[in-house]
Amino acid sequence: MYEALRYTKDIEALGNKLVDRLRENNEPYLALHLRYEKDMLAFTGCTHNLTSKEAEELRRMRYKVRHWKEKRINGKERRLQGLCPMTPREAAVFLQAIGYPSTTKIYIVAGDIYGQNGLSALSEKYPRIYSHNTLATEEELKPFKGLHNKLAALDYIVALESDVFVYSYDGNMAKAVRGHRMFEGFRKSIDPDKRNFVRLMDEMDAGKLPWEEFSSQVKNSHLNRTSIPHPRLAGNSPRHEENFFANPFPGCICENSQEPSKKST
């Protein structure tokens, strides 16, 4: 399945250039799928850390899109259920809690981050942040301007080749990259337990949990959420079983390829 995937020449060439630029001096990098974008926030009803004006803009957008069936959404409740994309601040705190230093090189797999504060909460802790907009020249991106699927393909290549892939929302892109990385030797992908994480983070923010205890609990709860080989979970129907693209094992992965890739860090 994944071996049949082919990119157009222009996408593959620029995607590989971006990877080479990130790997300058043989440095590792982390790809962060930060789906904190306007369309996703409007669709999910998630407004944590946004202003009331921004939340209202998202609400109006949701009501305008007819094929989005769910209109009245309790964003606070959805976040506590672990169903919202991580905010830039939540992503920064999560990475810090599981042990990534501030010198970590991070590639943002996403479009424009929504909200007046943008990526500031993340870049304050992790200043070495990159995207296709910052790595590629204006001339190189000219053929891709306004072509969101092509830009997403660039991000796919960079995420696939990363040393660690972290996804903050379990959407189609995240599932495909995670499954592809498993197919190529169970390369490290981190699936945040957002329901548990936001509960712990809220307790820490309220002064009920010291940082050391918070970090320890976050680390312990993610020991088995790094694409460790496990057979795809069955369900009562295809709709309720684990997504095939997110976990192609054992259907598309041979038994002798279960060892995690040495590239994982």
# chains A, B, ... in the order shown; residues from 1 in each chain; ligands from 1
$ select_by_dssp --residues "segment 123-180 of chain A" --states "strand (DSSP E)" --output "ChimeraX atom specification"
/A:129-130,164-167
$ write_last_selection --atoms "N, CA and C atoms" --output "PDB file, in the first residue's frame"
ATOM      1  N   ILE A 129      11.724  26.821  15.584  1.00  0.00           N
ATOM      2  CA  ILE A 129      10.514  26.362  14.920  1.00  0.00           C
ATOM      3  C   ILE A 129      10.593  26.664  13.428  1.00  0.00           C
ATOM      4  N   TYR A 130      10.195  25.678  12.619  1.00  0.00           N
ATOM      5  CA  TYR A 130      10.257  25.818  11.176  1.00  0.00           C
ATOM      6  C   TYR A 130       8.943  25.345  10.551  1.00  0.00           C
ATOM      7  N   VAL A 164      11.064  12.104  15.137  1.00  0.00           N
ATOM      8  CA  VAL A 164       9.896  11.863  16.001  1.00  0.00           C
ATOM      9  C   VAL A 164       8.714  12.624  15.415  1.00  0.00           C
ATOM     10  N   PHE A 165       7.567  11.962  15.371  1.00  0.00           N
ATOM     11  CA  PHE A 165       6.343  12.596  14.885  1.00  0.00           C
ATOM     12  C   PHE A 165       5.358  12.669  16.048  1.00  0.00           C
ATOM     13  N   VAL A 166       4.897  13.889  16.366  1.00  0.00           N
ATOM     14  CA  VAL A 166       3.924  14.094  17.441  1.00  0.00           C
ATOM     15  C   VAL A 166       2.677  14.712  16.821  1.00  0.00           C
ATOM     16  N   TYR A 167       1.529  14.091  17.061  1.00  0.00           N
ATOM     17  CA  TYR A 167       0.305  14.659  16.483  1.00  0.00           C
ATOM     18  C   TYR A 167      -0.666  15.053  17.586  1.00  0.00           C
TER      19      TYR A 167
END
$ residues_around --residues "Thr51 of chain A" --least-positions-apart "3" --cutoff "8 Å" --atoms "only C-alpha atoms" --output "count of residues only"
3
$ atom_distance --atom1 "atom CA of Tyr100 of chain A" --atom2 "atom CA of Leu30 of chain A"
9.6 Å
$ select_by_dssp --residues "segment 52-184 of chain A" --states "alpha helix (DSSP H)" --output "JSON, numbers by chain"
{"A": [52, 53, 54, 55, 56, 57, 58, 59, 60, 61, 62, 63, 64, 75, 76, 77, 78, 79, 80, 88, 89, 90, 91, 92, 93, 94, 95, 96, 97, 120, 121, 122, 123, 124, 125, 132, 133, 134, 135, 138, 139, 140, 141, 148, 149, 150, 151, 152, 153, 154, 155, 156, 157, 158, 159, 160, 172, 173, 174, 175, 176, 177, 178, 179, 180, 181, 182, 183]}
$ residues_around --residues "segment 80-93 of chain A" --least-positions-apart "6" --cutoff "6 Å" --atoms "only C-alpha atoms" --output "PyMOL selection string"
chain A and resi 35-36+46+119+121-122+168-169+194-195
$ write_last_selection --atoms "N, CA and C atoms" --output "mmCIF file, in the first residue's frame"
data_model
loop_
_atom_site.group_PDB
_atom_site.id
_atom_site.type_symbol
_atom_site.label_atom_id
_atom_site.label_comp_id
_atom_site.auth_asym_id
_atom_site.auth_seq_id
_atom_site.Cartn_x
_atom_site.Cartn_y
_atom_site.Cartn_z
ATOM 1 N N ARG A 35 -2.778 20.915 14.707
ATOM 2 C CA ARG A 35 -3.982 21.192 13.895
ATOM 3 C C ARG A 35 -4.818 22.318 14.506
ATOM 4 N N TYR A 36 -4.148 23.336 15.005
ATOM 5 C CA TYR A 36 -4.827 24.474 15.625
ATOM 6 C C TYR A 36 -5.112 25.522 14.559
ATOM 7 N N CYS A 46 -13.817 23.929 19.415
ATOM 8 C CA CYS A 46 -12.798 24.101 20.450
ATOM 9 C C CYS A 46 -12.292 25.540 20.459
ATOM 10 N N LEU A 119 1.649 31.222 17.318
ATOM 11 C CA LEU A 119 2.568 30.215 17.872
ATOM 12 C C LEU A 119 3.416 30.739 19.030
ATOM 13 N N ALA A 121 3.176 31.044 22.243
ATOM 14 C CA ALA A 121 3.332 30.226 23.455
ATOM 15 C C ALA A 121 4.261 29.042 23.218
ATOM 16 N N LEU A 122 4.302 28.553 21.993
ATOM 17 C CA LEU A 122 5.205 27.454 21.649
ATOM 18 C C LEU A 122 6.614 27.963 21.378
ATOM 19 N N SER A 168 -1.185 16.270 17.454
ATOM 20 C CA SER A 168 -2.039 16.815 18.513
ATOM 21 C C SER A 168 -3.520 16.626 18.225
ATOM 22 N N TYR A 169 -3.833 16.088 17.035
ATOM 23 C CA TYR A 169 -5.229 15.798 16.703
ATOM 24 C C TYR A 169 -5.236 14.592 15.777
ATOM 25 N N LYS A 194 -4.700 13.059 25.355
ATOM 26 C CA LYS A 194 -5.125 14.435 25.652
ATOM 27 C C LYS A 194 -6.119 14.510 26.798
ATOM 28 N N ARG A 195 -6.963 13.522 26.947
ATOM 29 C CA ARG A 195 -7.935 13.559 28.041
ATOM 30 C C ARG A 195 -7.228 13.599 29.389
#
$ residues_around --residues "segment 65-72 of chain A" --least-positions-apart "5" --cutoff "12 Å" --atoms "only C-alpha atoms" --output "PyMOL selection string"
chain A and resi 39-40+42-46+58-60+78
$ write_last_selection --atoms "N, CA and C atoms" --output "PDB file, in the first residue's frame"
ATOM      1  N   ASP A  39     -10.336  26.274  10.385  1.00  0.00           N
ATOM      2  CA  ASP A  39     -11.388  25.358   9.968  1.00  0.00           C
ATOM      3  C   ASP A  39     -11.602  24.228  10.972  1.00  0.00           C
ATOM      4  N   MET A  40     -10.489  23.691  11.506  1.00  0.00           N
ATOM      5  CA  MET A  40     -10.609  22.598  12.474  1.00  0.00           C
ATOM      6  C   MET A  40     -11.228  23.072  13.781  1.00  0.00           C
ATOM      7  N   ALA A  42     -13.274  25.603  14.168  1.00  0.00           N
ATOM      8  CA  ALA A  42     -14.695  25.869  13.921  1.00  0.00           C
ATOM      9  C   ALA A  42     -15.484  24.563  13.875  1.00  0.00           C
ATOM     10  N   PHE A  43     -14.938  23.562  13.235  1.00  0.00           N
ATOM     11  CA  PHE A  43     -15.603  22.263  13.094  1.00  0.00           C
ATOM     12  C   PHE A  43     -15.777  21.564  14.439  1.00  0.00           C
ATOM     13  N   THR A  44     -14.721  21.592  15.265  1.00  0.00           N
ATOM     14  CA  THR A  44     -14.765  20.879  16.546  1.00  0.00           C
ATOM     15  C   THR A  44     -15.407  21.697  17.663  1.00  0.00           C
ATOM     16  N   GLY A  45     -15.514  23.026  17.480  1.00  0.00           N
ATOM     17  CA  GLY A  45     -16.075  23.865  18.535  1.00  0.00           C
ATOM     18  C   GLY A  45     -15.104  24.137  19.667  1.00  0.00           C
ATOM     19  N   CYS A  46     -13.817  23.929  19.415  1.00  0.00           N
ATOM     20  CA  CYS A  46     -12.798  24.101  20.450  1.00  0.00           C
ATOM     21  C   CYS A  46     -12.292  25.540  20.459  1.00  0.00           C
ATOM     22  N   LEU A  58     -15.529  31.750  15.001  1.00  0.00           N
ATOM     23  CA  LEU A  58     -15.554  30.313  14.711  1.00  0.00           C
ATOM     24  C   LEU A  58     -16.983  29.783  14.734  1.00  0.00           C
ATOM     25  N   ARG A  59     -17.773  30.251  15.686  1.00  0.00           N
ATOM     26  CA  ARG A  59     -19.172  29.804  15.767  1.00  0.00           C
ATOM     27  C   ARG A  59     -19.940  30.179  14.497  1.00  0.00           C
ATOM     28  N   ARG A  60     -19.748  31.407  14.022  1.00  0.00           N
ATOM     29  CA  ARG A  60     -20.428  31.857  12.805  1.00  0.00           C
ATOM     30  C   ARG A  60     -19.989  31.026  11.594  1.00  0.00           C
ATOM     31  N   ARG A  78     -15.774  19.330  25.419  1.00  0.00           N
ATOM     32  CA  ARG A  78     -15.062  18.569  24.389  1.00  0.00           C
ATOM     33  C   ARG A  78     -13.563  18.503  24.690  1.00  0.00           C
TER      34      ARG A  78
END
$ closest_atom_pairs --of "segment 18-71 of chain A" --to "segment 160-163 of chain A" --cutoff "12 Å" --atoms "only C-alpha atoms" --output "CSV"
residue,atom,partner,partner_atom,distance
A:Leu18,CA,A:Glu161,CA,10.4
A:Val19,CA,A:Glu161,CA,7.2
A:Asp20,CA,A:Glu161,CA,10.1
A:Leu22,CA,A:Ser162,CA,9.2
A:Arg23,CA,A:Ser162,CA,9.3
A:Asn26,CA,A:Asp163,CA,11.4
A:Glu27,CA,A:Asp163,CA,9.6
A:Pro28,CA,A:Asp163,CA,6.0
A:Tyr29,CA,A:Asp163,CA,5.7
A:Leu30,CA,A:Ser162,CA,5.8
A:Ala31,CA,A:Ser162,CA,5.9
A:Leu32,CA,A:Ser162,CA,9.6
A:His33,CA,A:Leu160,CA,11.3
$ closest_residue --among "A:Asn16, A:Lys9, A:Ala97, A:Leu135" --to "Glu213 of chain A" --atoms "only C-alpha atoms"
A:Ala97
$ residues_around --residues "His132 of chain A" --least-positions-apart "2" --cutoff "9 Å" --atoms "only C-alpha atoms" --output "PyMOL selection string"
chain A and resi 15+18+107-109+130+134-137+141+151+154-155
